[in-house]
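Beneath this line is the structure, given in C-alpha cells, with notes to follow.
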Amino acid sequence: MKIVVGFVDTAEGHAAIDKAIEEAKLRDASLVVLNSKPGGRHEEAEDYIAMSRALAATEATLKESGVTYDIHEYVRGNKPSKDIVDAVADHEADLIVIGIRTRSATGKMLLGSNALDILHDATVPVLCVKAE
C-alpha cells in the first residue's frame with residue numbers, strides 16, 4: 001500500500017506528515033511525500049532554499065519514524081491539486097493525506113481551494129488533517 005501526502009512548510013503541512021506517518025504504520029504502507037511548485041518566475045530563489053530546508057527536516061522526521069518513503073518535488077507548472085491527484089496514478093497510491101486550514105466561504109471562492117479540488121478529483125480516499 002502507498003500513501004501520497006502533500007507537503008508544504010506550514011502547520012497544516014507538518015500535521016499532514018505526522019498523520020501520514022501514523023497511517024503508514026497502521027496500514028504497513030510506504031509514503032510518497034510530494035511538494036508541488038509552479039516553477040518559472042512564480043517563486044523566488046529564497047523560496048526554493050527555504051523549501052529545501054523544510055524537506056530536509058521532514059526527511060529527518062521520516063527517517064526517525066522508520067516508515068518507508070520517497071520525497072518528490074514537482075515543478076511542472078500545475079496547481080498542487082493536479083500534481084497530488086496525478087501522483088496517485090504515478091505511484092499507484094491507495095490514499096491521499098493533506099493538511100487543510102479553515103477558510104471562509106468567500107476566501108474559498110476568491111482564492112480557490114487545492115483541498116476542494118483534490119476532494120473532487122481524487123480516485124482514492126482523502127484524509128484531511130487540521131493543525132492543532
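Residues in the C-alpha cells are named by chain (A, B, ... in the order shown) and by number from 1 within that chain; ligands are numbered from 1 in the order shown.
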
Show me, as a PyMOL selection string, the residues that have an atom within 7 Å of Val129 in chain A when counting only C-alpha atoms, minus same-chain residues fewer than 2 positions from it. chain A and resi 15-16+98-100+127+131

Val97 in chain A surroundings by only C-alpha atoms, 10 Å radius, close-in-sequence under 5 positions cut, as JSON, numbers by chain: {"A": [3, 4, 5, 6, 7, 13, 15, 16, 17, 18, 19, 20, 21, 23, 31, 33, 84, 125, 126, 127, 128, 129]}

Residues near Ala115 in chain A, cut-off 7 Å, only C-alpha atoms, skip fewer than 3 positions along chain, as number ranges by chain: A: 81, 100, 118-119

Tell me, as a PyMOL selection string, which residues lie within 9 Å of Asn78 in chain A, counting only C-alpha atoms; anything in the same chain fewer than 3 positions away does not count. chain A and resi 36-39+74-75+81-83

Save the residues we just selected, C-alpha atoms, as a tab-separated table (two decimals), in the first residue's frame?
chain	number	residue	atom	x	y	z
A	36	SER	CA	4.43	20.91	-5.76
A	37	LYS	CA	5.78	24.21	-7.06
A	38	PRO	CA	4.59	26.18	-10.08
A	39	GLY	CA	8.13	26.94	-11.27
A	74	TYR	CA	7.18	18.51	-8.76
A	75	VAL	CA	7.89	21.69	-10.73
A	81	SER	CA	-4.07	19.70	-6.50
A	82	LYS	CA	-3.38	18.35	-10.01
A	83	ASP	CA	0.11	17.19	-9.06

Using only C-alpha atoms, which residues sit within 9 Å of range 65-69 of chain A once same-chain residues fewer than 5 positions away are excluded, as a ChimeraX atom specification? /A:21,24-25,28-33,59-60

If you run DSSP on this backbone, which residues of range 26-106 of chain A come out as helix (DSSP H, G or I), and could you give them as a ChimeraX atom specification? /A:26-27,40-42,45-65,80-91,105-106

What does the file look like for those residues with N, CA and C atoms, as a compact mmCIF listing (two decimals), in the first residue's frame?
# COMPACT_ATOMS: atom_id res chain seq x y z
N LEU A 26 0.12 2.17 10.69
CA LEU A 26 -1.12 1.43 10.90
C LEU A 26 -1.41 0.47 9.76
N ARG A 27 -1.13 0.88 8.53
CA ARG A 27 -1.50 0.13 7.33
C ARG A 27 -0.33 -0.62 6.70
N GLY A 40 9.10 28.46 -12.82
CA GLY A 40 9.18 29.70 -13.60
C GLY A 40 9.41 30.91 -12.71
N ARG A 41 8.81 32.01 -13.06
CA ARG A 41 9.01 33.24 -12.32
C ARG A 41 8.04 33.41 -11.16
N HIS A 42 7.31 32.37 -10.81
CA HIS A 42 6.31 32.48 -9.75
C HIS A 42 6.91 32.45 -8.36
N ALA A 45 14.22 32.53 -5.53
CA ALA A 45 15.23 31.54 -5.13
C ALA A 45 15.16 31.26 -3.63
N GLU A 46 14.86 32.28 -2.84
CA GLU A 46 14.78 32.10 -1.38
C GLU A 46 13.68 31.09 -1.02
N ASP A 47 12.60 31.10 -1.81
CA ASP A 47 11.51 30.16 -1.55
C ASP A 47 11.97 28.72 -1.75
N TYR A 48 12.76 28.49 -2.79
CA TYR A 48 13.28 27.15 -3.07
C TYR A 48 14.25 26.71 -1.98
N ILE A 49 15.09 27.64 -1.52
CA ILE A 49 16.04 27.32 -0.45
C ILE A 49 15.30 26.98 0.83
N ALA A 50 14.29 27.78 1.17
CA ALA A 50 13.51 27.52 2.39
C ALA A 50 12.80 26.17 2.30
N MET A 51 12.23 25.85 1.14
CA MET A 51 11.55 24.56 0.99
C MET A 51 12.54 23.41 1.05
N SER A 52 13.72 23.60 0.50
CA SER A 52 14.75 22.57 0.56
C SER A 52 15.10 22.26 2.01
N ARG A 53 15.22 23.29 2.82
CA ARG A 53 15.50 23.09 4.25
C ARG A 53 14.34 22.39 4.95
N ALA A 54 13.12 22.80 4.63
CA ALA A 54 11.94 22.19 5.24
C ALA A 54 11.83 20.71 4.86
N LEU A 55 12.13 20.40 3.60
CA LEU A 55 12.08 19.00 3.17
C LEU A 55 13.19 18.18 3.84
N ALA A 56 14.34 18.79 4.06
CA ALA A 56 15.43 18.07 4.76
C ALA A 56 15.01 17.76 6.19
N ALA A 57 14.37 18.71 6.85
CA ALA A 57 13.89 18.47 8.21
C ALA A 57 12.79 17.41 8.22
N THR A 58 11.93 17.44 7.23
CA THR A 58 10.87 16.44 7.11
C THR A 58 11.47 15.06 6.86
N GLU A 59 12.51 15.01 6.04
CA GLU A 59 13.16 13.73 5.79
C GLU A 59 13.76 13.16 7.07
N ALA A 60 14.31 14.02 7.92
CA ALA A 60 14.84 13.55 9.20
C ALA A 60 13.72 12.95 10.05
N THR A 61 12.56 13.58 10.04
CA THR A 61 11.40 13.07 10.78
C THR A 61 10.98 11.71 10.22
N LEU A 62 10.96 11.61 8.89
CA LEU A 62 10.57 10.35 8.25
C LEU A 62 11.56 9.23 8.57
N LYS A 63 12.85 9.53 8.52
CA LYS A 63 13.87 8.52 8.85
C LYS A 63 13.68 8.03 10.27
N GLU A 64 13.46 8.98 11.17
CA GLU A 64 13.29 8.63 12.59
C GLU A 64 12.04 7.77 12.81
N SER A 65 11.01 7.98 11.99
CA SER A 65 9.76 7.23 12.15
C SER A 65 9.90 5.76 11.76
N PRO A 80 -1.02 22.56 -7.28
CA PRO A 80 -0.68 21.44 -6.38
C PRO A 80 -1.75 20.34 -6.39
N SER A 81 -3.01 20.72 -6.50
CA SER A 81 -4.07 19.70 -6.50
C SER A 81 -3.91 18.73 -7.67
N LYS A 82 -3.58 19.22 -8.84
CA LYS A 82 -3.38 18.35 -10.01
C LYS A 82 -2.18 17.44 -9.79
N ASP A 83 -1.08 18.02 -9.29
CA ASP A 83 0.11 17.19 -9.06
C ASP A 83 -0.17 16.08 -8.05
N ILE A 84 -0.93 16.38 -7.01
CA ILE A 84 -1.23 15.36 -6.00
C ILE A 84 -2.11 14.27 -6.59
N VAL A 85 -3.15 14.66 -7.31
CA VAL A 85 -4.03 13.67 -7.94
C VAL A 85 -3.26 12.84 -8.96
N ASP A 86 -2.40 13.49 -9.74
CA ASP A 86 -1.58 12.75 -10.72
C ASP A 86 -0.60 11.80 -10.03
N ALA A 87 -0.09 12.20 -8.87
CA ALA A 87 0.87 11.35 -8.14
C ALA A 87 0.23 10.04 -7.71
N VAL A 88 -1.06 10.05 -7.46
CA VAL A 88 -1.77 8.81 -7.10
C VAL A 88 -1.62 7.79 -8.22
N ALA A 89 -1.84 8.23 -9.45
CA ALA A 89 -1.70 7.33 -10.59
C ALA A 89 -0.23 6.97 -10.84
N ASP A 90 0.65 7.98 -10.75
CA ASP A 90 2.08 7.75 -11.00
C ASP A 90 2.67 6.71 -10.05
N HIS A 91 2.20 6.71 -8.81
CA HIS A 91 2.79 5.84 -7.78
C HIS A 91 1.84 4.72 -7.34
N ALA A 105 -16.18 31.03 3.41
CA ALA A 105 -16.73 30.69 2.09
C ALA A 105 -16.24 31.68 1.04
N THR A 106 -16.15 32.94 1.40
CA THR A 106 -15.65 33.96 0.47
C THR A 106 -14.20 33.69 0.13

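DSSP secondary structure from the backbone places Tyr69, Asp70, Ile71, His72, Glu73, Tyr74, Val75, Leu95, Ile96, Val97, Ile98, Gly99 and Ile100 of chain A of range 38-108 of chain A in strand (DSSP E).
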
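In this structure, CA of Asp94 in chain A sits 25.6 Å away from CA of Glu132 in chain A.
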
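Distance-wise, CA of Ala11 in chain A and CA of Glu92 in chain A end up 27.2 Å apart.
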